[in-house]
file start_21.txt (compact mmCIF, C-alpha atoms and all ligand atoms)
# COMPACT_ATOMS: atom_id res chain seq x y z
CA MET A 1 6.86 -16.00 -30.45
CA GLY A 2 3.60 -14.88 -32.04
CA ALA A 3 0.25 -13.78 -30.72
CA GLY A 4 -1.22 -17.05 -31.93
CA ASN A 5 0.70 -19.11 -29.40
CA VAL A 6 -1.43 -20.98 -26.94
CA PRO A 7 -0.96 -19.51 -23.47
CA VAL A 8 0.31 -22.35 -21.37
CA GLN A 9 1.01 -20.58 -18.11
CA ALA A 10 -2.39 -21.23 -16.54
CA HIS A 11 -1.98 -24.96 -17.04
CA SER A 12 1.52 -25.14 -15.74
CA THR A 13 0.53 -23.16 -12.65
CA LYS A 14 -2.24 -25.61 -12.00
CA ARG A 15 0.15 -28.49 -12.48
CA GLU A 16 2.64 -26.95 -10.09
CA MET A 17 -0.07 -26.38 -7.56
CA HIS A 18 -1.21 -29.93 -7.93
CA SER A 19 2.26 -31.28 -7.36
CA VAL A 20 2.72 -29.05 -4.31
CA LEU A 21 -0.52 -30.36 -2.92
CA GLN A 22 0.61 -33.90 -3.60
CA GLN A 23 3.87 -33.34 -1.81
CA GLN A 24 2.08 -31.91 1.19
CA GLN A 25 -0.36 -34.76 1.28
CA GLY A 26 2.33 -37.41 1.28
CA PRO A 27 1.08 -40.81 0.16
CA PRO A 28 -1.41 -40.74 -2.72
CA CYS A 29 -3.82 -42.89 -0.70
CA LEU A 30 -5.88 -40.15 0.97
CA LYS A 31 -8.64 -40.33 3.49
CA PRO A 32 -11.84 -39.22 1.68
CA SER A 33 -12.37 -36.16 3.91
CA GLN A 34 -8.86 -34.87 3.23
CA SER A 35 -9.15 -35.09 -0.50
CA MET A 36 -12.54 -33.38 -0.37
CA ILE A 37 -11.06 -30.41 1.44
CA CYS A 38 -8.33 -30.02 -1.12
CA VAL A 39 -10.69 -30.14 -4.05
CA TYR A 40 -13.09 -27.75 -2.40
CA THR A 41 -10.44 -25.16 -1.56
CA PHE A 42 -9.14 -25.29 -5.07
CA LEU A 43 -12.61 -24.75 -6.53
CA LEU A 44 -13.30 -21.86 -4.20
CA LEU A 45 -10.09 -20.16 -5.21
CA VAL A 46 -10.96 -20.51 -8.83
CA LEU A 47 -14.56 -19.38 -8.35
CA SER A 48 -13.91 -16.32 -6.23
CA ARG A 49 -11.25 -15.15 -8.64
CA GLY A 50 -13.51 -15.86 -11.57
CA ALA A 51 -16.48 -14.00 -10.09
CA LEU A 52 -14.43 -10.92 -9.21
CA GLY A 53 -12.69 -11.19 -12.53
CA SER A 54 -15.86 -10.97 -14.57
CA LEU A 55 -17.01 -7.58 -13.28
CA GLN A 56 -13.46 -6.26 -13.14
CA ALA A 57 -12.67 -7.43 -16.67
CA LYS A 58 -15.79 -5.67 -17.93
CA GLN A 59 -14.95 -2.48 -16.07
CA THR A 60 -11.41 -2.61 -17.46
CA ASP A 61 -12.78 -3.17 -20.97
CA PHE A 62 -15.02 -0.16 -20.58
CA GLY A 63 -12.11 2.01 -19.38
CA LEU A 64 -9.94 0.83 -22.28
CA LYS A 65 -12.74 1.58 -24.74
CA VAL A 66 -12.97 5.15 -23.44
CA PHE A 67 -9.16 5.47 -23.68
CA SER A 68 -9.20 4.33 -27.34
CA GLN A 69 -11.77 6.97 -28.19
CA LEU A 70 -9.83 9.58 -26.30
CA VAL A 71 -6.50 8.97 -28.03
CA ALA A 72 -8.11 8.66 -31.47
CA ASP A 73 -8.27 12.45 -31.56
CA VAL A 74 -4.88 13.19 -30.02
CA VAL A 75 -2.52 10.78 -31.73
CA ASP A 76 0.77 12.44 -30.88
CA THR A 77 0.12 14.04 -27.53
CA ASN A 78 0.96 12.67 -24.11
CA LEU A 79 -1.96 11.45 -22.09
CA ALA A 80 -2.44 9.80 -18.73
CA PHE A 81 -5.78 8.26 -17.96
CA SER A 82 -7.43 6.16 -15.24
CA PRO A 83 -9.65 3.39 -16.66
CA TYR A 84 -10.50 2.46 -13.08
CA GLY A 85 -11.67 6.01 -12.31
CA ILE A 86 -14.08 6.32 -15.23
CA ALA A 87 -15.53 2.83 -14.69
CA ASN A 88 -16.12 3.62 -11.03
CA ILE A 89 -17.91 6.90 -11.71
CA MET A 90 -20.08 5.46 -14.44
CA ALA A 91 -21.00 2.46 -12.27
CA MET A 92 -22.37 4.91 -9.70
CA ALA A 93 -24.30 6.73 -12.41
CA GLN A 94 -25.61 3.43 -13.72
CA LEU A 95 -27.00 2.61 -10.27
CA GLY A 96 -29.23 5.67 -10.50
CA SER A 97 -30.32 5.23 -14.11
CA ASN A 98 -33.55 3.82 -15.45
CA GLY A 99 -35.20 3.14 -18.79
CA SER A 100 -33.27 3.97 -21.96
CA THR A 101 -30.39 5.56 -20.04
CA GLN A 102 -29.92 2.39 -18.05
CA TRP A 103 -30.10 0.36 -21.23
CA ALA A 104 -27.48 2.56 -22.95
CA LEU A 105 -25.14 2.50 -19.95
CA THR A 106 -25.45 -1.29 -19.63
CA ALA A 107 -24.73 -1.75 -23.33
CA ALA A 108 -21.73 0.62 -23.40
CA MET A 109 -20.25 -0.62 -20.12
CA GLY A 110 -20.87 -4.30 -20.79
CA PHE A 111 -22.34 -5.03 -17.34
CA SER A 112 -25.45 -4.21 -15.37
CA MET A 113 -25.33 -3.08 -11.76
CA GLN A 114 -28.88 -4.43 -11.44
CA GLU A 115 -27.72 -7.97 -12.06
CA ARG A 116 -27.82 -10.28 -9.09
CA GLY A 117 -24.62 -10.23 -7.08
CA MET A 118 -23.15 -7.17 -8.85
CA LEU A 119 -23.28 -4.85 -5.84
CA ARG A 120 -21.45 -7.45 -3.82
CA GLN A 121 -18.83 -7.93 -6.52
CA GLN A 122 -18.29 -4.20 -6.72
CA ARG A 123 -17.90 -4.02 -2.95
CA LEU A 124 -15.38 -6.88 -2.95
CA LEU A 125 -13.44 -5.21 -5.72
CA GLN A 126 -13.24 -1.89 -3.84
CA HIS A 127 -12.21 -3.74 -0.71
CA ASN A 128 -9.59 -5.75 -2.54
CA LEU A 129 -8.02 -2.66 -4.14
CA ALA A 130 -8.19 -0.54 -0.98
CA SER A 131 -6.39 -3.21 1.04
CA GLU A 132 -3.32 -2.87 -1.21
CA ASP A 133 -0.40 -1.02 0.43
CA GLY A 134 0.20 2.40 -1.07
CA VAL A 135 -3.21 2.50 -2.76
CA GLU A 136 -6.03 4.73 -1.60
CA ILE A 137 -9.38 4.90 -3.30
CA ALA A 138 -12.46 6.91 -2.43
CA SER A 139 -15.86 7.51 -3.92
CA GLY A 140 -17.93 10.55 -3.13
CA VAL A 141 -21.36 11.89 -3.96
CA MET A 142 -22.05 15.59 -3.52
CA VAL A 143 -25.73 16.42 -3.74
CA GLU A 144 -27.74 19.64 -3.63
CA ARG A 145 -29.23 19.89 -0.15
CA LYS A 146 -32.80 20.41 -1.44
CA ILE A 147 -32.80 17.13 -3.37
CA SER A 148 -34.07 14.03 -1.65
CA LEU A 149 -32.36 10.90 -2.85
CA LYS A 150 -34.21 7.63 -3.23
CA LYS A 151 -33.62 5.30 -0.32
CA ARG A 152 -32.64 2.39 -2.58
CA PHE A 153 -29.95 4.56 -4.21
CA ARG A 154 -28.53 5.73 -0.86
CA ARG A 155 -28.44 2.18 0.41
CA ALA A 156 -26.72 0.87 -2.72
CA LEU A 157 -24.11 3.66 -2.56
CA ALA A 158 -23.37 2.92 1.08
CA LYS A 159 -23.21 -0.82 0.61
CA THR A 160 -21.27 -0.89 -2.62
CA PHE A 161 -19.10 2.22 -2.74
CA GLN A 162 -18.85 2.85 1.02
CA THR A 163 -20.00 6.40 0.54
CA HIS A 164 -22.72 8.54 2.06
CA PRO A 165 -23.84 11.57 0.06
CA HIS A 166 -22.64 14.97 1.25
CA GLN A 167 -25.24 17.69 1.06
CA MET A 168 -24.06 20.87 -0.61
CA ASP A 169 -25.35 24.27 -1.49
CA PHE A 170 -24.82 24.60 -5.23
CA THR A 171 -26.41 28.05 -5.18
CA LYS A 172 -22.95 29.08 -3.99
CA PRO A 173 -20.97 27.39 -6.79
CA GLU A 174 -17.55 28.78 -5.89
CA GLN A 175 -17.89 27.46 -2.39
CA ALA A 176 -19.02 24.09 -3.78
CA VAL A 177 -15.93 24.00 -6.05
CA SER A 178 -13.62 24.58 -3.11
CA ILE A 179 -15.34 21.91 -0.99
CA ILE A 180 -15.01 19.37 -3.81
CA ASN A 181 -11.39 20.35 -4.46
CA ALA A 182 -10.60 19.94 -0.76
CA TRP A 183 -12.20 16.48 -0.81
CA VAL A 184 -10.11 15.46 -3.85
CA SER A 185 -6.94 16.92 -2.37
CA ASP A 186 -7.51 15.03 0.90
CA HIS A 187 -8.00 11.75 -0.94
CA THR A 188 -5.00 12.15 -3.24
CA ALA A 189 -2.47 13.11 -0.55
CA GLY A 190 -2.44 16.66 -1.93
CA ALA A 191 -1.36 15.56 -5.43
CA ILE A 192 -4.44 17.11 -7.06
CA PRO A 193 -5.13 20.31 -5.13
CA GLU A 194 -7.27 22.07 -7.76
CA PHE A 195 -9.33 19.48 -9.54
CA LEU A 196 -12.22 21.68 -10.66
CA ALA A 197 -11.52 25.08 -12.17
CA ALA A 198 -13.40 28.09 -10.89
CA GLY A 199 -16.64 28.34 -12.83
CA SER A 200 -16.95 24.60 -13.52
CA LEU A 201 -20.09 24.32 -11.38
CA ASP A 202 -23.10 26.61 -11.38
CA TYR A 203 -26.42 27.03 -9.70
CA GLU A 204 -27.93 24.41 -11.98
CA THR A 205 -25.57 21.75 -10.60
CA ARG A 206 -27.46 19.15 -8.60
CA LEU A 207 -25.10 16.29 -8.02
CA VAL A 208 -21.43 15.42 -8.53
CA PHE A 209 -20.14 11.86 -8.52
CA LEU A 210 -16.50 11.73 -7.49
CA ASN A 211 -13.74 9.19 -7.50
CA ALA A 212 -10.21 9.70 -6.21
CA LEU A 213 -7.28 7.34 -6.51
CA HIS A 214 -3.85 7.76 -5.02
CA PHE A 215 -1.00 5.38 -5.70
CA GLN A 216 2.55 5.38 -4.48
CA ARG A 217 4.83 2.44 -4.89
CA LEU A 218 8.56 1.81 -5.13
CA TRP A 219 9.98 -0.41 -7.85
CA LYS A 220 10.84 -3.90 -6.72
CA VAL A 221 14.31 -3.20 -8.07
CA PRO A 222 15.06 0.52 -8.28
CA PHE A 223 16.92 2.09 -11.16
CA ASP A 224 20.35 3.41 -10.19
CA PRO A 225 20.19 7.22 -10.63
CA LYS A 226 23.91 7.21 -11.46
CA LEU A 227 23.13 5.24 -14.61
CA THR A 228 20.48 7.70 -15.81
CA GLN A 229 21.79 9.57 -18.80
CA GLU A 230 20.60 11.78 -21.59
CA ARG A 231 19.57 9.73 -24.61
CA MET A 232 17.58 10.51 -27.74
CA PHE A 233 13.83 9.90 -27.95
CA HIS A 234 11.98 9.49 -31.26
CA CYS A 235 8.81 11.58 -30.89
CA ALA A 236 5.55 10.50 -32.50
CA ASN A 237 5.80 13.41 -34.95
CA GLY A 238 9.22 12.29 -36.16
CA THR A 239 11.45 14.73 -34.29
CA ILE A 240 14.23 13.47 -32.05
CA VAL A 241 14.74 15.09 -28.67
CA PRO A 242 16.89 14.34 -25.61
CA VAL A 243 15.35 12.66 -22.56
CA HIS A 244 16.61 11.42 -19.19
CA MET A 245 16.80 7.70 -19.73
CA MET A 246 16.87 5.47 -16.63
CA ARG A 247 18.65 2.12 -16.95
CA LEU A 248 18.33 -1.21 -15.23
CA THR A 249 19.78 -4.59 -16.05
CA ASN A 250 17.71 -7.32 -14.48
CA HIS A 251 15.40 -10.25 -15.08
CA PHE A 252 12.13 -9.02 -16.55
CA SER A 253 8.93 -10.64 -17.73
CA TYR A 254 8.97 -10.02 -21.43
CA ALA A 255 7.27 -11.16 -24.62
CA GLU A 256 7.00 -10.25 -28.28
CA PHE A 257 3.78 -10.10 -30.26
CA VAL A 258 2.43 -9.26 -33.66
CA THR A 259 -0.90 -7.51 -34.31
CA ALA A 260 -3.44 -8.75 -36.85
CA ASP A 261 -2.05 -6.05 -39.18
CA GLY A 262 1.45 -7.43 -38.84
CA VAL A 263 2.91 -4.84 -36.48
CA ASP A 264 5.59 -6.32 -34.23
CA TYR A 265 5.68 -5.11 -30.68
CA TYR A 266 6.86 -6.14 -27.26
CA VAL A 267 5.54 -6.04 -23.71
CA ILE A 268 7.85 -5.77 -20.71
CA GLU A 269 6.74 -5.82 -17.10
CA VAL A 270 8.38 -3.73 -14.40
CA PRO A 271 7.15 -4.89 -10.98
CA TYR A 272 6.61 -2.75 -7.91
CA GLU A 273 7.62 -3.77 -4.42
CA GLY A 274 5.34 -6.52 -3.16
CA SER A 275 4.78 -7.78 -6.72
CA SER A 276 0.97 -7.40 -6.67
CA LEU A 277 1.19 -4.35 -8.91
CA SER A 278 3.31 -3.80 -11.95
CA MET A 279 3.77 -1.47 -14.89
CA LEU A 280 3.45 -2.96 -18.35
CA LEU A 281 5.34 -1.13 -21.07
CA VAL A 282 4.18 -1.74 -24.61
CA SER A 283 5.90 -0.44 -27.72
CA PRO A 284 6.27 -1.30 -31.40
CA PHE A 285 9.72 -2.33 -32.59
CA GLU A 286 9.68 0.18 -35.42
CA PRO A 287 9.80 3.81 -34.25
CA GLU A 288 7.69 5.04 -37.15
CA ILE A 289 4.70 2.82 -36.26
CA PRO A 290 2.06 4.91 -34.46
CA LEU A 291 0.76 3.72 -31.09
CA SER A 292 -2.71 3.66 -32.58
CA ALA A 293 -1.66 0.38 -34.25
CA LEU A 294 -1.51 -1.13 -30.75
CA ASN A 295 -4.26 0.51 -28.77
CA ALA A 296 -7.03 -0.02 -31.32
CA ASP A 297 -7.98 -3.40 -29.91
CA LEU A 298 -6.92 -3.17 -26.30
CA SER A 299 -9.03 -5.30 -24.00
CA SER A 300 -8.73 -7.03 -20.66
CA GLN A 301 -8.44 -10.29 -22.58
CA LYS A 302 -5.53 -8.88 -24.59
CA ILE A 303 -3.75 -7.86 -21.38
CA GLN A 304 -4.41 -11.32 -19.99
CA HIS A 305 -2.96 -12.83 -23.14
CA TRP A 306 0.14 -10.64 -22.81
CA ARG A 307 0.57 -11.74 -19.22
CA SER A 308 0.19 -15.40 -20.07
CA GLU A 309 2.97 -15.14 -22.65
CA LEU A 310 5.48 -13.20 -20.55
CA ARG A 311 8.69 -15.07 -19.90
CA ASN A 312 11.43 -14.27 -17.46
CA VAL A 313 14.47 -13.06 -19.38
CA ARG A 314 17.52 -10.98 -18.59
CA ARG A 315 17.41 -7.61 -20.30
CA GLU A 316 18.83 -4.15 -20.05
CA LEU A 317 15.87 -1.79 -19.80
CA ALA A 318 16.21 1.88 -20.59
CA MET A 319 13.14 4.05 -20.15
CA PRO A 320 12.50 7.75 -19.72
CA ARG A 321 12.04 9.32 -16.34
CA PHE A 322 8.83 11.29 -16.77
CA SER A 323 5.91 13.00 -15.24
CA LEU A 324 2.58 13.61 -16.95
CA ASN A 325 -0.29 15.78 -15.94
CA SER A 326 -3.47 15.31 -17.97
CA GLU A 327 -6.83 16.92 -17.78
CA VAL A 328 -9.60 15.66 -20.02
CA ASN A 329 -13.27 16.16 -20.60
CA LEU A 330 -14.59 12.72 -21.45
CA LYS A 331 -17.87 13.86 -22.92
CA SER A 332 -16.97 13.47 -26.60
CA ALA A 333 -15.40 10.04 -25.98
CA LEU A 334 -18.55 8.93 -24.16
CA LEU A 335 -20.76 10.31 -26.94
CA LYS A 336 -18.85 8.18 -29.44
CA ILE A 337 -19.57 4.96 -27.56
CA GLY A 338 -23.30 5.54 -27.54
CA LEU A 339 -23.81 7.46 -24.31
CA GLY A 340 -25.18 10.66 -25.86
CA GLY A 341 -28.59 10.18 -24.30
CA MET A 342 -27.42 10.77 -20.74
CA PHE A 343 -26.09 14.25 -21.67
CA ASN A 344 -29.50 15.38 -22.84
CA LEU A 345 -32.11 16.62 -20.39
CA ALA A 346 -34.98 15.43 -22.59
CA SER A 347 -33.72 11.84 -22.89
CA ALA A 348 -31.67 11.21 -19.72
CA ASP A 349 -33.41 9.01 -17.15
CA PHE A 350 -31.89 8.99 -13.68
CA THR A 351 -35.15 8.40 -11.88
CA TRP A 352 -33.52 5.92 -9.48
CA ILE A 353 -31.50 8.81 -8.00
CA THR A 354 -34.41 11.13 -7.30
CA SER A 355 -37.88 11.87 -8.57
CA ASP A 356 -37.69 15.53 -7.46
CA GLU A 357 -36.25 16.74 -10.75
CA ARG A 358 -35.04 15.38 -14.08
CA LEU A 359 -31.27 14.98 -14.01
CA CYS A 360 -28.75 14.63 -16.84
CA VAL A 361 -24.96 14.55 -17.06
CA SER A 362 -23.36 17.84 -18.14
CA LYS A 363 -19.68 16.87 -18.11
CA VAL A 364 -17.35 14.07 -17.15
CA LEU A 365 -13.92 15.28 -16.15
CA GLN A 366 -10.74 13.51 -15.25
CA ARG A 367 -7.41 14.77 -14.04
CA VAL A 368 -4.41 12.45 -13.75
CA LYS A 369 -0.92 13.12 -12.47
CA ILE A 370 1.79 10.53 -12.76
CA GLU A 371 5.46 10.65 -11.88
CA VAL A 372 7.82 7.87 -12.88
CA ASP A 373 11.39 8.01 -11.63
CA GLU A 374 14.28 5.80 -10.51
CA ARG A 375 12.64 4.98 -7.19
CA GLY A 376 9.10 4.19 -8.30
CA THR A 377 5.80 5.75 -9.28
CA LYS A 378 3.41 8.24 -7.79
CA GLY A 379 0.04 8.58 -9.38
CA ALA A 380 -3.18 10.32 -8.57
CA SER A 381 -6.42 10.68 -10.41
CA ALA A 382 -9.70 12.41 -9.82
CA THR A 383 -12.78 11.72 -11.91
CA ALA A 384 -16.08 13.49 -11.76
CA ALA A 385 -19.36 13.05 -13.61
CA VAL A 386 -20.61 16.67 -13.81
CA MET A 387 -11.31 4.06 -19.41
CA PHE A 388 8.20 -13.02 -37.96
CA SER A 389 11.00 -14.23 -36.35
CA ARG A 390 13.19 -11.58 -34.91
CA MET A 391 16.66 -11.65 -33.45
CA ALA A 392 16.42 -11.61 -29.69
CA VAL A 393 16.98 -8.08 -28.61
CA GLN A 394 19.38 -7.66 -25.75
CA GLU A 395 18.57 -4.12 -24.92
CA ILE A 396 15.09 -2.74 -24.52
CA THR A 397 15.20 0.98 -25.03
CA LEU A 398 11.99 2.87 -24.88
CA ASP A 399 13.31 5.58 -27.14
CA ARG A 400 10.09 5.73 -29.11
CA PRO A 401 6.46 6.24 -28.16
CA PHE A 402 5.09 3.69 -25.73
CA LEU A 403 1.96 2.85 -23.82
CA PHE A 404 2.03 2.23 -20.12
CA LEU A 405 -0.48 0.61 -17.82
CA ILE A 406 -0.43 0.19 -14.08
CA GLN A 407 -2.44 -2.83 -13.13
CA HIS A 408 -3.47 -4.53 -9.95
CA LYS A 409 -2.66 -8.06 -11.00
CA HIS A 410 -5.10 -9.97 -8.82
CA THR A 411 -8.23 -8.15 -9.94
CA GLY A 412 -6.99 -6.82 -13.26
CA ALA A 413 -8.02 -3.27 -12.37
CA VAL A 414 -6.05 -0.79 -14.46
CA PHE A 415 -5.32 2.18 -12.22
CA PHE A 416 -3.49 4.21 -14.79
CA MET A 417 -2.55 4.02 -18.40
CA GLY A 418 -1.22 6.42 -20.91
CA GLN A 419 0.70 7.02 -24.05
CA PHE A 420 4.09 8.65 -23.86
CA SER A 421 4.59 10.22 -27.28
CA HIS A 422 7.37 12.68 -26.52
CA PRO A 423 9.16 13.98 -23.42
CA PRO A 424 6.91 16.52 -21.71
CA GLN A 425 8.17 20.09 -22.02
C1 LIG B 1 7.16 17.46 -32.52
O1 LIG B 1 6.85 17.26 -31.13
C2 LIG B 1 7.76 17.86 -30.24
C3 LIG B 1 7.33 17.48 -28.85
O2 LIG B 1 6.02 17.86 -28.62
C4 LIG B 1 7.78 19.37 -30.45
O3 LIG B 1 8.73 19.96 -29.57
C5 LIG B 1 8.15 19.66 -31.88
O4 LIG B 1 8.04 21.04 -32.12
C6 LIG B 1 7.25 18.93 -32.86
N1 LIG B 1 7.76 19.08 -34.20
C7 LIG B 1 6.98 19.24 -35.27
C8 LIG B 1 7.66 19.34 -36.58
O5 LIG B 1 5.75 19.31 -35.16
C1 LIG B 2 -38.23 3.06 -14.23
O1 LIG B 2 -38.80 2.89 -15.50
C2 LIG B 2 -39.95 2.09 -15.51
C3 LIG B 2 -40.34 1.85 -16.95
O2 LIG B 2 -40.19 3.01 -17.71
C4 LIG B 2 -41.05 2.75 -14.70
O3 LIG B 2 -42.18 1.94 -14.68
C5 LIG B 2 -40.52 2.96 -13.28
O4 LIG B 2 -41.48 3.67 -12.52
C6 LIG B 2 -39.22 3.73 -13.30
N1 LIG B 2 -38.65 3.77 -11.96
C7 LIG B 2 -38.62 4.91 -11.24
C8 LIG B 2 -37.97 4.80 -9.91
O5 LIG B 2 -39.06 5.95 -11.66

call {"tool": "encode", "arguments": {"input": "start_21.txt", "output": "structure tokens", "more": "lines below"}}
Ligand SMILES: *[C@@H]1O[C@H](CO)[C@@H](O)[C@H](O)[C@H]1NC(C)=O
Ligand SMILES: *[C@@H]1O[C@H](CO)[C@@H](O)[C@H](O)[C@H]1NC(C)=O
result
Amino acid sequence: MGAGNVPVQAHSTKREMHSVLQQQQGPPCLKPSQSMICVYTFLLLVLSRGALGSLQAKQTDFGLKVFSQLVADVVDTNLAFSPYGIANIMAMAQLGSNGSTQWALTAAMGFSMQERGMLRQQRLLQHNLASEDGVEIASGVMVERKISLKKRFRRALAKTFQTHPHQMDFTKPEQAVSIINAWVSDHTAGAIPEFLAAGSLDYETRLVFLNALHFQRLWKVPFDPKLTQERMFHCANGTIVPVHMMRLTNHFSYAEFVTADGVDYYVIEVPYEGSSLSMLLVSPFEPEIPLSALNADLSSQKIQHWRSELRNVRRELAMPRFSLNSEVNLKSALLKIGLGGMFNLASADFTWITSDERLCVSKVLQRVKIEVDERGTKGASATAAVMFSRMAVQEITLDRPFLFLIQHKHTGAVFFMGQFSHPPQ
């Protein structure tokens, strides 16, 4: 089964839906009003998904682009990242940008918040994600009390991100750090108690955009802890170390692919309870192939393609129990995708935020904590601006580096992703 196969799932779903509708409608000879309603409902479904999908796909693409830049420098380290978090923060920044900064942000992010209907789409997306059980998201804006924000910016923040700016006194930076850390801790159920290090803000700080995400979900089918055993893991650097390998024999959605460079890999989906969220595990068949062969051209379309090819098969899955704790400064990754201008006081243009002072971005930080065990997954992230024919294998053992992504299936938002290159010490 190659990457070139035509995804047929979408069509068959439509066909199934059509036949269900037909069954419900009984005789094919319909009254005109009845058939109109059916057609209309179907169109609406397609349209609302499509509209939400376009902004979300672009935000996901942006997050994935940032991730690719980030891992380019750290090939064999573990990393957990939230594409959703970075896209959210930068969308807020884009709202306040003007001129060349707005142009650069629009080009790098692939969408413009100024476009008609975007604010509404963003609001729907937030709403859609927040209504998911076990998922909490929050956006925050901390602003120096002496700065007056433009009314249009305040209104857009309230409408779109459901947030009202908190006024702060950045002349007392240590106090500001503890207020921000308390906000993050509150919105991540205590998982990230110390987001900002002492000294990370100073009296020149004027505004901090914040995003917090907390996720806790049980697997649809838990792994039996009694089956977890020590097995060997092939680290990215070639060493082999022991790891606690969880095991589950079940039906999984699974597919095999080949990259343009001829690297064979597979994707297996492990669903969470409720089935609206799942973890996708992606790994090359050959242990010596670096993950960079897979994550070079990650995109929302690629993920969609994976999903469309997944087939329900019975497999024995063995994967490490792990927890990762990553802290990254995204500045260099953002510089590499053409966003250097916003880090420079002379060129940055955030005149839609305030006209009191010139503002520019000094750092973009993200901290992610993720714990994967037999029962399920707990994840939290905080982001601040101060994403051939092979024999069928019976056993899927993630005993080599793999990528993981936690995605909200309906909107395509990728809450978390990461590369697991070796068991964390
Ligand atoms: C390879 O990576 C593992 C895990 O980080 C580490 O313990 C080991 O020292 C590394 N070995 C070499 C040769 O770099
Ligand atoms: C945004 O930029 C345009 C063109 O440079 C300028 O005319 C306009 O006044 C700016 N908007 C604000 C709010 O400063």

call {"tool": "closest_residue", "arguments": {"input": "start_21.txt", "among": "A:Arg247, A:Lys151, A:Lys409, A:Arg314", "to": "ligand LIG 2 (chain B)", "atoms": "all atoms listed in the file"}}
result
A:Lys151

call {"tool": "residues_around", "arguments": {"input": "start_21.txt", "residues": "A:Asp264", "least_positions_apart": "4", "cutoff": "9 Å", "atoms": "only C-alpha atoms", "output": "list of chain:residue names"}}
result
A:Glu256, A:Phe257, A:Val258, A:Thr259, A:Ser283, A:Pro284, A:Phe285, A:Glu286, A:Phe388

call {"tool": "write_last_selection", "arguments": {"input": "start_21.txt", "atoms": "C-alpha atoms", "output": "short mmCIF file (atom, residue, chain, number, x, y, z; two decimals), in the coordinates of the input"}}
result
data_model
loop_
_atom_site.label_atom_id
_atom_site.label_comp_id
_atom_site.auth_asym_id
_atom_site.auth_seq_id
_atom_site.Cartn_x
_atom_site.Cartn_y
_atom_site.Cartn_z
CA GLU A 256 7.00 -10.25 -28.28
CA PHE A 257 3.78 -10.10 -30.26
CA VAL A 258 2.43 -9.26 -33.66
CA THR A 259 -0.90 -7.51 -34.31
CA SER A 283 5.90 -0.44 -27.72
CA PRO A 284 6.27 -1.30 -31.40
CA PHE A 285 9.72 -2.33 -32.59
CA GLU A 286 9.68 0.18 -35.42
CA PHE A 388 8.20 -13.02 -37.96
#

call {"tool": "residues_near_ligand", "arguments": {"input": "start_21.txt", "ligand": "ligand LIG 2 (chain B)", "cutoff": "12 Å", "atoms": "all atoms listed in the file", "output": "number ranges by chain"}}
result
A: 95-103, 149-153, 348-358

call {"tool": "closest_residue", "arguments": {"input": "start_21.txt", "among": "A:Thr171, A:Thr188, A:Thr249, A:Thr239", "to": "ligand LIG 1 (chain B)", "atoms": "all atoms listed in the file"}}
result
A:Thr239

call {"tool": "closest_residue", "arguments": {"input": "start_21.txt", "among": "A:Phe233, A:Trp306, A:Phe209, A:Phe111", "to": "ligand LIG 1 (chain B)", "atoms": "only C-alpha atoms and all ligand atoms"}}
result
A:Phe233

call {"tool": "closest_atom_pairs", "arguments": {"input": "start_21.txt", "of": "stretch 112-189 of chain A", "to": "stretch 404-407 of chain A", "cutoff": "12 Å", "atoms": "only C-alpha atoms", "output": "JSON lines"}}
result
{"residue": "A:Leu129", "atom": "CA", "partner": "A:Gln407", "partner_atom": "CA", "distance": 10.6}
{"residue": "A:Glu132", "atom": "CA", "partner": "A:Gln407", "partner_atom": "CA", "distance": 12.0}
{"residue": "A:Val135", "atom": "CA", "partner": "A:Gln407", "partner_atom": "CA", "distance": 11.7}

call {"tool": "residues_near_ligand", "arguments": {"input": "start_21.txt", "ligand": "ligand LIG 1 (chain B)", "cutoff": "12 Å", "atoms": "only C-alpha atoms and all ligand atoms", "output": "list in words"}}
result
Val74, Val75, Asp76, Thr77, Asn78, Phe233, His234, Cys235, Ala236, Asn237, Gly238, Thr239, Ile240, Val241, Pro242, Val243, Pro401, Phe420, Ser421, His422, Pro423, Pro424 and Gln425 of chain A

call {"tool": "write_last_selection", "arguments": {"input": "start_21.txt", "atoms": "C-alpha atoms", "output": "CSV table (one decimal), in the coordinates of the input"}}
result
chain,number,residue,atom,x,y,z
A,74,VAL,CA,-4.9,13.2,-30.0
A,75,VAL,CA,-2.5,10.8,-31.7
A,76,ASP,CA,0.8,12.4,-30.9
A,77,THR,CA,0.1,14.0,-27.5
A,78,ASN,CA,1.0,12.7,-24.1
A,233,PHE,CA,13.8,9.9,-28.0
A,234,HIS,CA,12.0,9.5,-31.3
A,235,CYS,CA,8.8,11.6,-30.9
A,236,ALA,CA,5.6,10.5,-32.5
A,237,ASN,CA,5.8,13.4,-35.0
A,238,GLY,CA,9.2,12.3,-36.2
A,239,THR,CA,11.4,14.7,-34.3
A,240,ILE,CA,14.2,13.5,-32.0
A,241,VAL,CA,14.7,15.1,-28.7
A,242,PRO,CA,16.9,14.3,-25.6
A,243,VAL,CA,15.4,12.7,-22.6
A,401,PRO,CA,6.5,6.2,-28.2
A,420,PHE,CA,4.1,8.6,-23.9
A,421,SER,CA,4.6,10.2,-27.3
A,422,HIS,CA,7.4,12.7,-26.5
A,423,PRO,CA,9.2,14.0,-23.4
A,424,PRO,CA,6.9,16.5,-21.7
A,425,GLN,CA,8.2,20.1,-22.0

call {"tool": "atom_distance", "arguments": {"input": "start_21.txt", "atom1": "atom CA of A:Leu281", "atom2": "atom CA of A:Ser253"}}
result
10.7 Å

call {"tool": "closest_residue", "arguments": {"input": "start_21.txt", "among": "A:Thr228, A:Ser131, A:Asn312, A:Ser362", "to": "A:Gly341", "atoms": "all atoms listed in the file"}}
result
A:Ser362
